[in-house]
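Structure file entry.txt; described as compact mmCIF, C-alpha atoms and all ligand atoms.
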```txt
# COMPACT_ATOMS: atom_id res chain seq x y z
CA MET A 1441 153.51 123.02 121.16
CA SER A 1442 151.00 125.52 122.42
CA VAL A 1443 150.65 126.54 126.02
CA GLU A 1444 147.28 124.81 126.10
CA LYS A 1445 148.71 121.59 124.75
CA THR A 1446 151.63 121.76 127.16
CA ARG A 1447 149.19 122.10 130.01
CA ARG A 1448 147.26 119.07 128.83
CA THR A 1449 150.43 117.08 128.52
CA PHE A 1450 151.27 117.92 132.08
CA LEU A 1451 147.82 117.00 133.32
CA LEU A 1452 147.78 113.67 131.56
CA ALA A 1453 151.35 112.86 132.46
CA GLY A 1454 150.32 113.38 136.05
CA LEU A 1455 147.78 110.61 135.67
CA GLY A 1456 150.39 108.25 134.29
CA LEU A 1457 147.83 107.15 131.77
CA LEU A 1458 146.61 107.74 128.29
CA ALA A 1459 142.95 108.37 128.90
CA GLY A 1460 140.53 107.42 126.19
CA CYS A 1461 140.92 105.41 123.03
CA ALA A 1462 143.52 107.02 120.82
CA THR A 1463 143.15 107.64 117.12
CA THR A 1464 146.57 106.27 116.28
CA SER A 1465 148.69 103.34 117.33
CA SER A 1466 150.92 105.48 119.50
CA ARG A 1467 150.46 104.79 123.18
CA THR A 1468 151.93 108.13 124.10
CA ARG A 1469 149.77 110.25 121.85
CA LEU A 1470 147.32 112.45 123.69
CA PRO A 1471 143.66 111.79 123.06
CA GLY A 1472 143.32 115.14 121.37
CA VAL A 1473 139.99 116.48 120.24
CA PRO A 1474 138.77 114.28 117.38
CA TRP A 1475 135.67 113.28 119.28
CA ALA A 1476 135.40 116.34 121.44
CA GLU A 1477 132.17 117.90 122.52
CA GLY A 1478 130.08 119.44 119.82
CA ARG A 1479 130.74 123.06 120.64
CA PRO A 1480 132.91 125.24 122.83
CA ALA A 1481 131.61 125.88 126.31
CA GLY A 1482 129.74 129.14 126.50
CA SER A 1483 128.46 129.14 122.91
CA ALA A 1484 124.93 130.24 122.27
CA SER A 1485 123.43 126.92 121.18
CA PRO A 1486 120.44 125.47 123.00
CA ARG A 1487 120.98 123.68 126.27
CA PRO A 1488 118.76 121.31 128.22
CA VAL A 1489 116.30 123.74 129.73
CA ASP A 1490 115.77 121.88 132.98
CA LEU A 1491 119.48 121.80 133.73
CA SER A 1492 120.18 125.51 133.52
CA GLY A 1493 120.79 125.85 137.22
CA ALA A 1494 122.49 122.54 137.75
CA VAL A 1495 126.04 123.26 136.68
CA GLU A 1496 128.58 121.74 139.07
CA SER A 1497 125.85 119.65 140.70
CA PRO A 1498 125.17 115.97 140.08
CA VAL A 1499 122.13 115.49 137.89
CA ARG A 1500 119.76 112.58 137.59
CA SER A 1501 119.11 110.81 134.36
CA PRO A 1502 115.41 110.58 133.59
CA ILE A 1503 116.13 107.08 132.31
CA ALA A 1504 117.47 105.94 135.67
CA SER A 1505 114.79 105.04 138.14
CA SER A 1506 116.74 106.55 141.05
CA PRO A 1507 120.12 108.14 141.69
CA THR A 1508 121.48 104.76 142.73
CA GLN A 1509 120.01 102.68 139.93
CA ALA A 1510 121.37 103.13 136.43
CA PHE A 1511 120.15 101.65 133.15
CA GLY A 1512 120.35 97.88 132.98
CA GLY A 1513 121.60 97.47 136.52
CA ALA A 1514 124.87 99.25 135.82
CA ILE A 1515 126.84 100.44 138.84
CA PRO A 1516 125.75 104.07 139.20
CA ARG A 1517 128.05 106.96 138.45
CA SER A 1518 127.69 108.05 142.05
CA ALA A 1519 129.60 104.93 143.13
CA TRP A 1520 132.85 105.93 141.45
CA ALA A 1521 132.96 109.57 140.36
CA THR A 1522 134.82 112.02 142.56
CA GLY A 1523 133.71 114.99 140.47
CA ALA A 1524 130.39 116.20 139.10
CA PRO A 1525 129.37 116.42 135.46
CA VAL A 1526 129.07 119.85 133.88
CA PRO A 1527 125.75 119.87 132.03
CA SER A 1528 126.43 123.18 130.25
CA ARG A 1529 129.23 121.48 128.33
CA MET A 1530 127.05 118.65 127.02
CA ASP A 1531 124.25 118.33 124.50
CA PRO A 1532 121.15 116.22 125.14
CA LEU A 1533 121.18 112.70 123.75
CA THR A 1534 118.18 112.29 121.50
CA GLY A 1535 117.12 109.88 118.78
CA ILE A 1536 119.23 106.96 119.96
CA HIS A 1537 119.92 104.86 116.88
CA ARG A 1538 123.50 103.63 117.20
CA MET A 1539 126.00 102.05 119.57
CA THR A 1540 129.76 102.32 119.29
CA LEU A 1541 132.14 99.98 121.12
CA HIS A 1542 135.60 100.97 122.36
CA HIS A 1543 138.57 100.03 124.47
CA ASP A 1544 140.14 102.61 126.73
CA GLY A 1545 143.49 102.13 124.98
CA MET A 1546 145.55 102.85 128.06
CA THR A 1547 147.94 100.45 129.75
CA PRO A 1548 146.77 96.81 129.88
CA PHE A 1549 144.34 96.24 132.71
CA ALA A 1550 143.35 92.85 134.09
CA SER A 1551 142.42 93.56 137.69
CA THR A 1552 139.07 92.23 138.85
CA SER A 1553 139.05 94.57 141.84
CA GLN A 1554 136.05 96.86 142.00
CA ASN A 1555 138.17 99.60 143.53
CA ASP A 1556 140.77 99.36 140.78
CA ALA A 1557 138.08 99.64 138.12
CA ALA A 1558 136.50 102.63 139.85
CA ALA A 1559 139.87 104.37 140.05
CA ARG A 1560 140.58 103.78 136.37
CA ILE A 1561 137.17 105.08 135.31
CA ASP A 1562 137.60 108.16 137.47
CA ALA A 1563 141.03 108.77 135.91
CA ILE A 1564 139.45 108.69 132.46
CA ARG A 1565 136.78 111.13 133.64
CA ARG A 1566 139.35 113.53 135.05
CA ALA A 1567 141.36 113.48 131.84
CA HIS A 1568 138.28 114.05 129.70
CA GLN A 1569 137.06 116.89 131.90
CA ALA A 1570 140.56 118.40 131.90
CA GLN A 1571 140.09 118.79 128.15
CA GLY A 1572 136.98 120.84 128.75
CA TRP A 1573 134.47 118.02 128.27
CA GLY A 1574 131.37 117.85 130.44
CA ASP A 1575 132.03 114.37 131.81
CA VAL A 1576 133.66 111.07 130.92
CA GLY A 1577 132.97 110.59 127.22
CA TYR A 1578 131.42 107.10 127.36
CA HIS A 1579 127.97 106.13 128.62
CA PHE A 1580 128.95 102.71 129.96
CA LEU A 1581 132.19 101.01 130.93
CA ILE A 1582 132.81 97.28 131.37
CA ASP A 1583 135.61 96.03 133.59
CA PRO A 1584 137.58 92.75 133.42
CA ALA A 1585 135.29 91.13 136.01
CA GLY A 1586 132.31 91.85 133.77
CA ARG A 1587 130.83 94.63 135.88
CA VAL A 1588 128.99 97.32 133.95
CA TRP A 1589 129.50 100.87 135.18
CA GLU A 1590 127.43 103.91 134.36
CA GLY A 1591 129.51 106.69 132.84
CA ARG A 1592 128.02 109.81 131.30
CA TYR A 1593 124.31 109.93 132.02
CA LEU A 1594 122.24 108.71 129.10
CA GLN A 1595 120.41 112.00 128.96
CA PHE A 1596 123.59 113.54 127.54
CA GLN A 1597 125.19 112.96 124.16
CA GLY A 1598 128.50 111.14 124.50
CA ALA A 1599 131.94 112.25 123.33
CA HIS A 1600 133.53 109.17 121.81
CA VAL A 1601 133.41 109.20 117.98
CA LYS A 1602 134.26 112.18 115.84
CA ASP A 1603 131.19 113.52 114.06
CA ARG A 1604 129.10 110.49 115.07
CA ASN A 1605 128.14 111.27 118.64
CA PRO A 1606 124.49 112.29 118.08
CA GLY A 1607 122.12 109.45 118.95
CA ASN A 1608 125.08 107.21 119.71
CA ILE A 1609 125.56 105.28 122.96
CA GLY A 1610 129.25 104.80 123.74
CA ILE A 1611 130.38 101.62 125.50
CA VAL A 1612 134.00 100.98 126.45
CA CYS A 1613 135.74 97.89 127.74
CA LEU A 1614 138.51 98.77 130.19
CA GLY A 1615 141.89 97.67 128.89
CA ASN A 1616 144.06 97.83 125.79
CA PHE A 1617 143.11 95.09 123.35
CA GLU A 1618 146.02 95.72 121.06
CA ARG A 1619 148.12 94.40 123.93
CA GLN A 1620 145.86 91.99 125.83
CA HIS A 1621 142.75 89.88 125.36
CA PRO A 1622 139.41 90.74 126.94
CA THR A 1623 138.39 88.37 129.71
CA PRO A 1624 135.55 85.91 129.03
CA ALA A 1625 133.53 87.69 131.72
CA GLN A 1626 134.09 91.02 130.00
CA VAL A 1627 133.00 89.71 126.62
CA GLU A 1628 129.96 87.96 128.07
CA SER A 1629 128.94 91.12 129.88
CA LEU A 1630 129.46 93.22 126.77
CA ARG A 1631 127.27 90.85 124.78
CA ASP A 1632 124.49 90.86 127.35
CA PHE A 1633 124.55 94.61 127.90
CA VAL A 1634 124.68 95.46 124.21
CA ARG A 1635 121.70 93.20 123.60
CA ARG A 1636 119.82 94.88 126.42
CA ILE A 1637 120.39 98.31 124.92
CA GLN A 1638 119.68 97.01 121.44
CA MET A 1639 116.27 95.79 122.55
CA ALA A 1640 115.46 98.86 124.61
CA TYR A 1641 116.20 101.27 121.77
CA ARG A 1642 115.54 98.98 118.78
CA ILE A 1643 119.00 99.49 117.35
CA PRO A 1644 119.67 97.42 114.21
CA LEU A 1645 122.71 95.12 114.20
CA SER A 1646 124.23 97.18 111.38
CA ARG A 1647 124.50 100.11 113.76
CA ILE A 1648 126.31 98.25 116.49
CA GLN A 1649 129.82 99.11 115.41
CA THR A 1650 133.31 99.49 116.74
CA HIS A 1651 135.16 102.77 116.78
CA ARG A 1652 137.51 101.65 113.99
CA GLU A 1653 134.53 100.98 111.76
CA LEU A 1654 133.64 104.67 111.93
CA ALA A 1655 137.03 106.38 112.16
CA ALA A 1656 140.76 105.92 111.57
CA THR A 1657 141.74 104.33 114.87
CA LEU A 1658 142.89 100.99 116.26
CA CYS A 1659 140.13 101.12 118.85
CA PRO A 1660 138.79 98.73 120.20
CA GLY A 1661 142.03 96.81 119.59
CA ALA A 1662 142.56 93.71 117.49
CA SER A 1663 141.55 91.10 120.05
CA LEU A 1664 138.30 92.80 121.07
CA GLN A 1665 137.48 93.58 117.43
CA SER A 1666 137.82 89.87 116.69
CA ARG A 1667 135.48 88.92 119.53
CA ILE A 1668 132.92 91.52 118.45
CA ASN A 1669 133.09 90.19 114.89
CA GLN A 1670 132.25 86.76 116.28
CA LEU A 1671 129.37 88.11 118.36
CA ARG A 1672 127.83 89.73 115.28
CA GLY A 1673 128.56 86.82 113.03
CA GLY A 1674 125.28 84.99 113.35
CA GLY A 1675 123.07 87.85 112.33
CA SER A 1676 122.42 88.95 115.89
CA PHE A 1677 124.62 90.15 118.72
CA SER A 1678 125.00 86.84 120.53
ZN ZN B 1 137.31 104.28 120.70
```

The structure in this file should be written as structure tokens.
Amino acid sequence: MSVEKTRRTFLLAGLGLLAGCATTSSRTRLPGVPWAEGRPAGSASPRPVDLSGAVESPVRSPIASSPTQAFGGAIPRSAWATGAPVPSRMDPLTGIHRMTLHHDGMTPFASTSQNDAAARIDAIRRAHQAQGWGDVGYHFLIDPAGRVWEGRYLQFQGAHVKDRNPGNIGIVCLGNFERQHPTPAQVESLRDFVRRIQMAYRIPLSRIQTHRELAATLCPGASLQSRINQLRGGGSFS
């Protein structure tokens, strides 16, 4: 095990969590880098021009109408994040044409407390940023009470599916759906929010997929996969 990997193990062990949907069935496996950011920090590729001086500072999404109002009424990132995004580590999100649905794959989570959800989302963010990512990898997160939370700003490409992040909005349901069932409120909220994004960006049903449909992973877990199959079953996401 490399020094770098040992350090990551320590950092994640400190969280007591496995942050992010894993690519294998092992609960103890680290998230690794299969859906890591597109390039190492500091490489010479183009960056969003208007963000060049904004590293370490919160940035506003041009899609959000204000810093406290996220897309679709989601709870804004500012309500939960204890650390800022790092724009220099992220690519712009352009040509939105796909959505990918996930679970977080950590320990089962059924709390309907807003504070508990915020803490879990922030733990995922910290773990993702500890790997060198610019922010939490997902754009939106849905908790067991059905609240929708803003994650990575929509102006930035997500980090949630290996080789399929461009143009792809990442949505995660908090919990581990290999080991629990999503709540009715969570499924209803997922359905409504996915439809909202689908309409806003004209995303065809065939491109509303789960992580396991794009990569070798159990994500989003058997029980959530089953519910998503039902939602898509009638030819629309409903
Ligand atoms: Zn996933």

Proximity check chain A to ligand ZN 1 (chain B), 7 Å, nearest pairs one decimal Å, only C-alpha atoms and all ligand atoms, as CSV:
```
residue,atom,partner,partner_atom,distance
A:Cys1461,CA,B:ZN1,ZN,4.4
A:Ala1462,CA,B:ZN1,ZN,6.8
A:Leu1541,CA,B:ZN1,ZN,6.7
A:His1542,CA,B:ZN1,ZN,4.1
A:His1543,CA,B:ZN1,ZN,5.8
A:Asp1544,CA,B:ZN1,ZN,6.9
A:His1600,CA,B:ZN1,ZN,6.3
A:Val1601,CA,B:ZN1,ZN,6.8
A:His1651,CA,B:ZN1,ZN,4.7
A:Cys1659,CA,B:ZN1,ZN,4.6
A:Pro1660,CA,B:ZN1,ZN,5.8
```

- Residue nearest A:Asp1583 among A:Ala1563, A:Gln1626, A:Pro1606, A:Ala1570 (counting all atoms listed in the file): A:Gln1626

- Residues at most 10 Å from A:Ser1646, counting all atoms listed in the file, excluding those fewer than 5 positions away in the same chain, as a list of chain:residue names?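 Near neighbours after the sequence-gap exclusion: A:Arg1538, A:Met1539, A:Arg1672, A:Gly1675, A:Ser1676.
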
- Item | Within 6 Å of A:Ala1514 using only C-alpha atoms, minus same-chain residues under 6 positions, as a list in words | Val1588, Trp1589 and Glu1590 of chain A

- Query: Of the candidates A:Arg1566, A:Arg1652, A:Arg1529, A:His1537, which one gets nearest to A:Ile1609 if we count all atoms listed in the file?
  - Reply: A:His1537

- Message: Quick check, in Å to one decimal: how far apart do atom CA of A:Gly1673 and atom CA of A:Pro1584 lie?
- Response: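 Calculated distance between atom CA of A:Gly1673 and atom CA of A:Pro1584 is 23.1 Å.
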
Spatial neighbours of A:Gly1591, 10 Å, only C-alpha atoms, chain gap at least 5 places, as a compact mmCIF listing (two decimals) with C-alpha atoms, keeping the file's coordinate frame:
```txt
# COMPACT_ATOMS: atom_id res chain seq x y z
CA ALA A 1510 121.37 103.13 136.43
CA ALA A 1514 124.87 99.25 135.82
CA ILE A 1515 126.84 100.44 138.84
CA PRO A 1516 125.75 104.07 139.20
CA ARG A 1517 128.05 106.96 138.45
CA SER A 1518 127.69 108.05 142.05
CA TRP A 1520 132.85 105.93 141.45
CA ALA A 1521 132.96 109.57 140.36
CA ILE A 1561 137.17 105.08 135.31
CA ASP A 1562 137.60 108.16 137.47
CA ARG A 1565 136.78 111.13 133.64
CA ASP A 1575 132.03 114.37 131.81
CA VAL A 1576 133.66 111.07 130.92
CA GLY A 1577 132.97 110.59 127.22
CA TYR A 1578 131.42 107.10 127.36
CA HIS A 1579 127.97 106.13 128.62
CA PHE A 1580 128.95 102.71 129.96
CA LEU A 1581 132.19 101.01 130.93
CA GLY A 1598 128.50 111.14 124.50
CA GLY A 1610 129.25 104.80 123.74
CA ILE A 1611 130.38 101.62 125.50
CA VAL A 1612 134.00 100.98 126.45
```

- Query: Which residues, written as an NGL selection string, have at least one atom at most 12 Å from A:Ser1666, with all atoms listed in the file counted and residues fewer than 3 positions away on the same chain left out?
  - Reply: :A and (1617-1618 or 1621-1622 or 1627 or 1650 or 1659-1663 or 1669-1673)

- For atom CA of A:Tyr1641 and atom CA of A:Gln1597, the interatomic separation in Å (one decimal):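 A separation of 14.9 Å between them.
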
- Query: So what do you get for atom CA of A:Gly1545 versus atom CA of A:Gly1615, distance-wise?
  - Reply: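 Rounded to one decimal, the two atoms are 6.1 Å apart.
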
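Using all atoms listed in the file, the smallest distance between any of A:Pro1548, A:Gly1572, A:Pro1644, A:Pro1525 and A:Arg1592 comes from A:Pro1525.
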
- Task: Pick out the residues sitting within 9 Å of A:Val1634, and hand them over as a ChimeraX atom specification; count all atoms listed in the file, and ignore anything fewer than 2 positions along from it in its own chain.
- Result: /A:1539,1611,1629-1632,1636-1639,1648,1677
